[in-house]
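Enquirer: JSON, C-alpha atoms, file my_file.json:
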```json
[["chain", "number", "residue", "atom", "x", "y", "z"],
["A", 1, "GLN", "CA", -8.69, 2.95, 15.52],
["A", 2, "VAL", "CA", -5.03, 3.67, 16.11],
["A", 3, "GLN", "CA", -3.31, 7.02, 16.00],
["A", 4, "LEU", "CA", 0.40, 7.36, 15.28],
["A", 5, "VAL", "CA", 2.42, 10.48, 15.97],
["A", 6, "GLU", "CA", 6.04, 10.79, 14.87],
["A", 7, "SER", "CA", 8.60, 13.14, 16.36],
["A", 8, "GLY", "CA", 12.32, 13.78, 16.20],
["A", 9, "GLY", "CA", 12.85, 14.84, 12.63],
["A", 10, "GLY", "CA", 15.00, 17.78, 11.69],
["A", 11, "LEU", "CA", 18.12, 18.98, 9.93],
["A", 12, "VAL", "CA", 21.43, 17.21, 10.42],
["A", 13, "GLN", "CA", 24.77, 17.23, 8.68],
["A", 14, "THR", "CA", 26.16, 14.27, 6.79],
["A", 15, "GLY", "CA", 27.53, 11.77, 9.26],
["A", 16, "GLY", "CA", 25.31, 12.99, 12.05],
["A", 17, "SER", "CA", 22.59, 11.23, 14.01],
["A", 18, "LEU", "CA", 18.90, 11.62, 14.67],
["A", 19, "ARG", "CA", 16.43, 9.62, 16.70],
["A", 20, "LEU", "CA", 12.85, 9.35, 15.56],
["A", 21, "SER", "CA", 10.03, 8.29, 17.84],
["A", 22, "CYS", "CA", 6.50, 7.18, 17.12],
["A", 23, "ALA", "CA", 3.80, 7.03, 19.76],
["A", 24, "ALA", "CA", 0.79, 4.82, 19.16],
["A", 25, "SER", "CA", -2.52, 5.39, 20.89],
["A", 26, "GLY", "CA", -5.98, 3.95, 20.66],
["A", 27, "ARG", "CA", -6.62, 0.28, 20.01],
["A", 28, "THR", "CA", -3.01, -0.84, 20.19],
["A", 29, "PHE", "CA", -3.59, -4.15, 21.95],
["A", 30, "SER", "CA", -3.58, -6.04, 18.66],
["A", 31, "THR", "CA", -0.30, -4.66, 17.33],
["A", 32, "TYR", "CA", 1.71, -7.22, 15.37],
["A", 33, "ALA", "CA", 4.52, -5.00, 14.15],
["A", 34, "MET", "CA", 5.54, -1.42, 13.58],
["A", 35, "GLY", "CA", 7.69, -0.10, 10.82],
["A", 36, "TRP", "CA", 9.39, 2.93, 9.38],
["A", 37, "PHE", "CA", 9.16, 4.00, 5.77],
["A", 38, "ARG", "CA", 10.44, 7.08, 3.98],
["A", 39, "GLN", "CA", 9.44, 8.96, 0.89],
["A", 40, "VAL", "CA", 11.00, 11.60, -1.28],
["A", 41, "PRO", "CA", 8.59, 13.75, -3.34],
["A", 42, "GLY", "CA", 8.06, 12.17, -6.73],
["A", 43, "GLN", "CA", 9.40, 8.81, -5.62],
["A", 44, "GLU", "CA", 7.80, 5.70, -4.21],
["A", 45, "ARG", "CA", 7.65, 5.08, -0.51],
["A", 46, "GLU", "CA", 10.65, 3.05, 0.65],
["A", 47, "PHE", "CA", 10.91, 0.57, 3.50],
["A", 48, "VAL", "CA", 13.45, 1.45, 6.18],
["A", 49, "ALA", "CA", 13.00, -0.84, 9.18],
["A", 50, "ALA", "CA", 10.42, -2.82, 11.11],
["A", 51, "ILE", "CA", 10.07, -4.60, 14.42],
["A", 52, "ARG", "CA", 7.67, -7.33, 15.46],
["A", 53, "TRP", "CA", 5.81, -6.52, 18.64],
["A", 54, "SER", "CA", 6.08, -10.01, 20.06],
["A", 55, "GLY", "CA", 9.64, -11.23, 20.22],
["A", 56, "GLY", "CA", 11.18, -8.05, 18.87],
["A", 57, "MET", "CA", 12.55, -9.46, 15.63],
["A", 58, "THR", "CA", 13.84, -6.66, 13.45],
["A", 59, "TYR", "CA", 14.12, -6.11, 9.72],
["A", 60, "TYR", "CA", 16.13, -3.52, 7.85],
["A", 61, "ALA", "CA", 16.55, -2.27, 4.33],
["A", 62, "ASP", "CA", 20.01, -3.06, 3.01],
["A", 63, "SER", "CA", 20.69, 0.65, 2.61],
["A", 64, "VAL", "CA", 20.45, 1.29, 6.36],
["A", 65, "LYS", "CA", 21.80, -1.93, 7.89],
["A", 66, "GLY", "CA", 24.53, -1.23, 10.40],
["A", 67, "ARG", "CA", 23.59, 2.44, 10.67],
["A", 68, "PHE", "CA", 19.94, 2.46, 11.80],
["A", 69, "THR", "CA", 18.45, 0.69, 14.80],
["A", 70, "VAL", "CA", 14.75, 0.16, 15.37],
["A", 71, "GLY", "CA", 13.48, -0.40, 18.90],
["A", 72, "ARG", "CA", 10.22, -0.66, 20.75],
["A", 73, "ASP", "CA", 8.77, -0.04, 24.17],
["A", 74, "ASN", "CA", 5.72, -2.27, 24.50],
["A", 75, "ALA", "CA", 4.60, -0.67, 27.75],
["A", 76, "LYS", "CA", 4.60, 2.81, 26.24],
["A", 77, "ASN", "CA", 3.45, 1.70, 22.77],
["A", 78, "THR", "CA", 6.32, 3.51, 21.13],
["A", 79, "VAL", "CA", 8.77, 2.63, 18.42],
["A", 80, "SER", "CA", 12.02, 4.42, 17.77],
["A", 81, "LEU", "CA", 14.48, 4.68, 14.93],
["A", 82, "GLN", "CA", 18.03, 5.61, 15.84],
["A", 83, "MET", "CA", 19.75, 6.85, 12.70],
["A", 84, "ASN", "CA", 23.53, 7.15, 12.69],
["A", 85, "SER", "CA", 26.01, 8.03, 9.97],
["A", 86, "LEU", "CA", 23.29, 9.78, 8.02],
["A", 87, "LYS", "CA", 23.80, 10.41, 4.32],
["A", 88, "PRO", "CA", 22.22, 13.06, 2.06],
["A", 89, "GLU", "CA", 20.19, 10.33, 0.36],
["A", 90, "GLY", "CA", 18.49, 9.83, 3.70],
["A", 91, "THR", "CA", 16.63, 13.10, 3.21],
["A", 92, "ALA", "CA", 12.94, 12.24, 3.13],
["A", 93, "VAL", "CA", 9.72, 12.31, 5.06],
["A", 94, "TYR", "CA", 9.79, 9.41, 7.46],
["A", 95, "TYR", "CA", 6.56, 7.64, 8.26],
["A", 96, "CYS", "CA", 5.70, 5.36, 11.13],
["A", 97, "ALA", "CA", 3.36, 2.47, 10.39],
["A", 98, "LEU", "CA", 1.56, -0.15, 12.44],
["A", 99, "THR", "CA", -0.09, -3.39, 11.50],
["A", 100, "SER", "CA", -2.87, -4.95, 13.51],
["A", 101, "MET", "CA", -3.75, -7.39, 10.75],
["A", 102, "SER", "CA", -3.17, -11.04, 11.45],
["A", 103, "SER", "CA", -1.55, -12.86, 8.58],
["A", 104, "LEU", "CA", -0.26, -16.27, 7.62],
["A", 105, "TYR", "CA", 2.72, -14.50, 6.14],
["A", 106, "SER", "CA", 5.71, -13.15, 8.02],
["A", 107, "GLY", "CA", 9.33, -12.41, 7.41],
["A", 108, "SER", "CA", 11.31, -9.62, 5.87],
["A", 109, "ASP", "CA", 9.39, -9.39, 2.60],
["A", 110, "TYR", "CA", 6.08, -9.14, 4.41],
["A", 111, "TYR", "CA", 7.11, -6.45, 6.87],
["A", 112, "ALA", "CA", 8.93, -4.50, 4.18],
["A", 113, "SER", "CA", 5.72, -4.05, 2.22],
["A", 114, "GLY", "CA", 3.58, -1.01, 2.88],
["A", 115, "ARG", "CA", 0.51, -3.12, 2.15],
["A", 116, "SER", "CA", 1.14, -5.05, 5.35],
["A", 117, "TYR", "CA", 0.35, -2.01, 7.48],
["A", 118, "ASN", "CA", -3.08, -0.57, 8.15],
["A", 119, "TYR", "CA", -2.19, 2.53, 10.14],
["A", 120, "TRP", "CA", 0.16, 5.36, 9.23],
["A", 121, "GLY", "CA", 1.44, 8.47, 10.88],
["A", 122, "GLN", "CA", 1.60, 11.92, 9.31],
["A", 123, "GLY", "CA", 5.34, 11.79, 8.80],
["A", 124, "THR", "CA", 8.31, 13.78, 10.00],
["A", 125, "GLN", "CA", 10.86, 15.49, 7.77],
["A", 126, "VAL", "CA", 14.49, 14.47, 7.95],
["A", 127, "THR", "CA", 16.98, 16.58, 6.02],
["A", 128, "VAL", "CA", 20.62, 15.58, 5.75],
["A", 129, "SER", "CA", 22.84, 18.36, 4.47],
["A", 130, "SER", "CA", 25.97, 17.59, 2.50]]
```
Here is the file; what I need is its structure written in the form of structure tokens.
Expert:
Amino acid sequence: QVQLVESGGGLVQTGGSLRLSCAASGRTFSTYAMGWFRQVPGQEREFVAAIRWSGGMTYYADSVKGRFTVGRDNAKNTVSLQMNSLKPEGTAVYYCALTSMSSLYSGSDYYASGRSYNYWGQGTQVTVSS
């Protein structure tokens, strides 16, 4: 089992920045990638960013490219999401996810799908005021 705990959410004004962190504990030795998703009540969960544990390749949703940066610390089993130039449409609950499932598939489409992840955090609220 793997446990994921997010932190760093909060209230920020439009144009501001926030940094989210996610700490993984438990059986993390088989981590293939970690990702960030967000969800607004009544809407589907949306991919934000992901990072492969080996090699560090990153993937981003078009809506956040150039503004968000995903990073990892393999030694500490943490993943971060630096969010700059935040917009009101960024208001959502942000979830950290981890996949320990081996797969023949890889690439942006694979890591952007929630079905590719088998562990999820509880989420942290990010509110961007206009």
Enquirer: Need the shell around A:Ser7: protein/DNA/RNA residues with any atom at most 9 Å away, counting all atoms listed in the file. Skip same-chain ones fewer than 4 positions apart. Format as a PyMOL selection string?
Expert: chain A and resi 19-23+123-124
Enquirer: Find the residues of stretch 67-97 of chain A that sit at most 7 Å from stretch 11-18 of chain A; for each, write down the nearest two atoms and how far apart they are in Å, to one decimal. Count all atoms listed in the file. Sort by chain, then by number going up, and give it as a Markdown table.
Expert:
```
| residue | atom | partner | partner_atom | distance |
| --- | --- | --- | --- | --- |
| A:Gln82 | CA | A:Leu18 | CA | 6.2 |
| A:Met83 | CA | A:Leu18 | CA | 5.2 |
| A:Asn84 | CA | A:Ser17 | CA | 4.4 |
| A:Ser85 | CA | A:Gly15 | CA | 4.1 |
| A:Leu86 | CA | A:Gly15 | CA | 4.8 |
| A:Lys87 | CA | A:Thr14 | CA | 5.2 |
| A:Pro88 | CA | A:Thr14 | CA | 6.3 |
```
Enquirer: With all atoms listed in the file as the counted atoms, please give the residues lying no more than 6 Å from stretch 37-42 of chain A, apart from itself and same-chain residues fewer than 6 positions off, as number ranges by chain.
Expert: A: 48, 92-95
Enquirer: List every residue of stretch 8-100 of chain A that has an atom at most 10 Å from any atom of stretch 105-118 of chain A, giving for each one its closest atom pair and the distance in Å to one decimal, counting all atoms listed in the file, sorted by chain and then by ascending residue number, as a Markdown table.
Expert:
```
| residue | atom | partner | partner_atom | distance |
| --- | --- | --- | --- | --- |
| A:Tyr32 | CA | A:Tyr117 | CA | 9.6 |
| A:Ala33 | CA | A:Tyr111 | CA | 7.9 |
| A:Met34 | CA | A:Tyr117 | CA | 8.0 |
| A:Gly35 | CA | A:Tyr111 | CA | 7.5 |
| A:Trp36 | CA | A:Ala112 | CA | 9.1 |
| A:Phe37 | CA | A:Gly114 | CA | 8.0 |
| A:Arg45 | CA | A:Gly114 | CA | 8.1 |
| A:Glu46 | CA | A:Gly114 | CA | 8.5 |
| A:Phe47 | CA | A:Ala112 | CA | 5.5 |
| A:Val48 | CA | A:Ala112 | CA | 7.7 |
| A:Ala49 | CA | A:Ala112 | CA | 7.4 |
| A:Ala50 | CA | A:Tyr111 | CA | 6.5 |
| A:Ile51 | CA | A:Tyr111 | CA | 8.3 |
| A:Arg52 | CA | A:Tyr111 | CA | 8.7 |
| A:Met57 | CA | A:Gly107 | CA | 9.3 |
| A:Thr58 | CA | A:Ser108 | CA | 8.5 |
| A:Tyr59 | CA | A:Ser108 | CA | 5.9 |
| A:Tyr60 | CA | A:Ser108 | CA | 8.0 |
| A:Ala61 | CA | A:Ala112 | CA | 7.9 |
| A:Cys96 | CA | A:Tyr117 | CA | 9.8 |
| A:Ala97 | CA | A:Tyr117 | CA | 6.1 |
| A:Leu98 | CA | A:Tyr117 | CA | 5.4 |
| A:Thr99 | CA | A:Tyr117 | CA | 4.3 |
| A:Ser100 | CA | A:Asn118 | CA | 6.9 |
```
Enquirer: Give as a list in words every residue, naming chains and numbers as the document does, that has an atom within 8 Å of (2.8, -1.9, 21.4), counting all atoms listed in the file.
Expert: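 Applying the cut-off with all atoms listed in the file, one gets Ala24, Thr28, Phe29, Thr31, Trp53, Arg72, Asp73, Asn74, Ala75, Lys76, Asn77 and Thr78 of chain A.
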Enquirer: Atom CA of A:Ser63 and atom CA of A:Glu44 are how many Å apart?
Expert: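 Distance reported for this atom pair: 15.4 Å.
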Enquirer: Check the smallest atom-to-atom distance from each of A:Val2, A:Ser102, A:Gly9, A:Gly56 to A:Gln125 using all atoms listed in the file, then report the winner.
Expert: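 Under the stated criterion, the closest residue is A:Gly9.
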Enquirer: What does the distance from atom CA of A:Arg27 to atom CA of A:Gly121 come to in Å, to one decimal?
Expert: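 One can read the atom CA of A:Arg27 to atom CA of A:Gly121 distance as 14.7 Å.
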Enquirer: Could you state the separation of atom CA of A:Ser103 and atom CA of A:Ser80 in Å, given to one decimal place?
Expert: 23.8 Å
Enquirer: Tell me which of A:Gly71, A:Leu104, A:Ser129, A:Leu4 sits closest to A:Gly55, counting all atoms listed in the file.
Expert: A:Gly71
Enquirer: Given 6 Å of margin on each side, can you work out the centre and size in Å (one decimal) of an axis-aligned box holding every listed atom of stretch 48-61 of chain A, as JSON?
Expert:
```
{"center_x": 11.2, "center_y": -4.9, "center_z": 12.3, "size_x": 22.7, "size_y": 24.7, "size_z": 27.9}
```
Enquirer: Kindly output stretch 21-56 of chain A as a JSON list (two decimals), in the frame of the given file, after building N, CA and C atoms.
Expert:
```json
[["chain", "number", "residue", "atom", "x", "y", "z"],
["A", 21, "SER", "N", 10.93, 9.04, 16.97],
["A", 21, "SER", "CA", 10.03, 8.29, 17.84],
["A", 21, "SER", "C", 8.63, 8.31, 17.25],
["A", 22, "CYS", "N", 7.89, 7.28, 17.57],
["A", 22, "CYS", "CA", 6.50, 7.18, 17.12],
["A", 22, "CYS", "C", 5.68, 6.65, 18.28],
["A", 23, "ALA", "N", 4.68, 7.42, 18.67],
["A", 23, "ALA", "CA", 3.80, 7.03, 19.76],
["A", 23, "ALA", "C", 2.47, 6.55, 19.19],
["A", 24, "ALA", "N", 2.06, 5.38, 19.60],
["A", 24, "ALA", "CA", 0.79, 4.82, 19.16],
["A", 24, "ALA", "C", -0.24, 4.93, 20.28],
["A", 25, "SER", "N", -1.44, 5.31, 19.92],
["A", 25, "SER", "CA", -2.52, 5.39, 20.89],
["A", 25, "SER", "C", -3.79, 4.83, 20.28],
["A", 26, "GLY", "N", -4.74, 4.53, 21.14],
["A", 26, "GLY", "CA", -5.98, 3.95, 20.66],
["A", 26, "GLY", "C", -5.98, 2.44, 20.87],
["A", 27, "ARG", "N", -6.49, 1.73, 19.90],
["A", 27, "ARG", "CA", -6.62, 0.28, 20.01],
["A", 27, "ARG", "C", -5.32, -0.41, 19.62],
["A", 28, "THR", "N", -4.34, -0.32, 20.49],
["A", 28, "THR", "CA", -3.01, -0.84, 20.19],
["A", 28, "THR", "C", -2.79, -2.26, 20.70],
["A", 29, "PHE", "N", -3.79, -2.84, 21.32],
["A", 29, "PHE", "CA", -3.59, -4.15, 21.95],
["A", 29, "PHE", "C", -3.38, -5.26, 20.93],
["A", 30, "SER", "N", -3.74, -5.00, 19.67],
["A", 30, "SER", "CA", -3.58, -6.04, 18.66],
["A", 30, "SER", "C", -2.45, -5.73, 17.69],
["A", 31, "THR", "N", -1.44, -5.00, 18.18],
["A", 31, "THR", "CA", -0.30, -4.66, 17.33],
["A", 31, "THR", "C", 0.55, -5.89, 17.04],
["A", 32, "TYR", "N", 0.84, -6.12, 15.77],
["A", 32, "TYR", "CA", 1.71, -7.22, 15.37],
["A", 32, "TYR", "C", 3.12, -6.72, 15.07],
["A", 33, "ALA", "N", 3.21, -5.55, 14.49],
["A", 33, "ALA", "CA", 4.52, -5.00, 14.15],
["A", 33, "ALA", "C", 4.38, -3.51, 13.88],
["A", 34, "MET", "N", 5.48, -2.82, 13.98],
["A", 34, "MET", "CA", 5.54, -1.42, 13.58],
["A", 34, "MET", "C", 6.75, -1.23, 12.68],
["A", 35, "GLY", "N", 6.61, -0.30, 11.78],
["A", 35, "GLY", "CA", 7.69, -0.10, 10.82],
["A", 35, "GLY", "C", 7.93, 1.36, 10.53],
["A", 36, "TRP", "N", 9.04, 1.60, 9.86],
["A", 36, "TRP", "CA", 9.39, 2.93, 9.38],
["A", 36, "TRP", "C", 9.60, 2.87, 7.87],
["A", 37, "PHE", "N", 9.01, 3.84, 7.20],
["A", 37, "PHE", "CA", 9.16, 4.00, 5.77],
["A", 37, "PHE", "C", 9.58, 5.44, 5.51],
["A", 38, "ARG", "N", 10.09, 5.70, 4.33],
["A", 38, "ARG", "CA", 10.44, 7.08, 3.98],
["A", 38, "ARG", "C", 10.08, 7.33, 2.53],
["A", 39, "GLN", "N", 9.86, 8.60, 2.24],
["A", 39, "GLN", "CA", 9.44, 8.96, 0.89],
["A", 39, "GLN", "C", 9.99, 10.31, 0.51],
["A", 40, "VAL", "N", 10.54, 10.36, -0.67],
["A", 40, "VAL", "CA", 11.00, 11.60, -1.28],
["A", 40, "VAL", "C", 9.94, 12.02, -2.29],
["A", 41, "PRO", "N", 9.61, 13.30, -2.36],
["A", 41, "PRO", "CA", 8.59, 13.75, -3.34],
["A", 41, "PRO", "C", 8.90, 13.25, -4.74],
["A", 42, "GLY", "N", 7.89, 12.68, -5.38],
["A", 42, "GLY", "CA", 8.06, 12.17, -6.73],
["A", 42, "GLY", "C", 8.59, 10.75, -6.80],
["A", 43, "GLN", "N", 8.90, 10.18, -5.64],
["A", 43, "GLN", "CA", 9.40, 8.81, -5.62],
["A", 43, "GLN", "C", 8.46, 7.93, -4.80],
["A", 44, "GLU", "N", 8.61, 6.63, -4.97],
["A", 44, "GLU", "CA", 7.80, 5.70, -4.21],
["A", 44, "GLU", "C", 8.27, 5.63, -2.76],
["A", 45, "ARG", "N", 7.31, 5.27, -1.92],
["A", 45, "ARG", "CA", 7.65, 5.08, -0.51],
["A", 45, "ARG", "C", 8.61, 3.89, -0.37],
["A", 46, "GLU", "N", 9.58, 4.03, 0.51],
["A", 46, "GLU", "CA", 10.65, 3.05, 0.65],
["A", 46, "GLU", "C", 10.67, 2.51, 2.08],
["A", 47, "PHE", "N", 10.78, 1.21, 2.19],
["A", 47, "PHE", "CA", 10.91, 0.57, 3.50],
["A", 47, "PHE", "C", 12.25, 0.92, 4.14],
["A", 48, "VAL", "N", 12.23, 1.16, 5.45],
["A", 48, "VAL", "CA", 13.45, 1.45, 6.18],
["A", 48, "VAL", "C", 13.73, 0.35, 7.22],
["A", 49, "ALA", "N", 12.79, 0.14, 8.11],
["A", 49, "ALA", "CA", 13.00, -0.84, 9.18],
["A", 49, "ALA", "C", 11.65, -1.22, 9.78],
["A", 50, "ALA", "N", 11.63, -2.37, 10.44],
["A", 50, "ALA", "CA", 10.42, -2.82, 11.11],
["A", 50, "ALA", "C", 10.79, -3.68, 12.31],
["A", 51, "ILE", "N", 9.85, -3.78, 13.24],
["A", 51, "ILE", "CA", 10.07, -4.60, 14.42],
["A", 51, "ILE", "C", 8.77, -5.30, 14.79],
["A", 52, "ARG", "N", 8.85, -6.58, 15.04],
["A", 52, "ARG", "CA", 7.67, -7.33, 15.46],
["A", 52, "ARG", "C", 7.41, -7.07, 16.94],
["A", 53, "TRP", "N", 6.15, -6.89, 17.28],
["A", 53, "TRP", "CA", 5.81, -6.52, 18.64],
["A", 53, "TRP", "C", 6.06, -7.64, 19.63],
["A", 54, "SER", "N", 5.82, -8.86, 19.21],
["A", 54, "SER", "CA", 6.08, -10.01, 20.06],
["A", 54, "SER", "C", 7.40, -10.63, 19.65],
["A", 55, "GLY", "N", 8.34, -10.64, 20.53],
["A", 55, "GLY", "CA", 9.64, -11.23, 20.22],
["A", 55, "GLY", "C", 10.69, -10.23, 19.81],
["A", 56, "GLY", "N", 10.25, -9.12, 19.21],
["A", 56, "GLY", "CA", 11.18, -8.05, 18.87],
["A", 56, "GLY", "C", 12.07, -8.29, 17.67]]
```
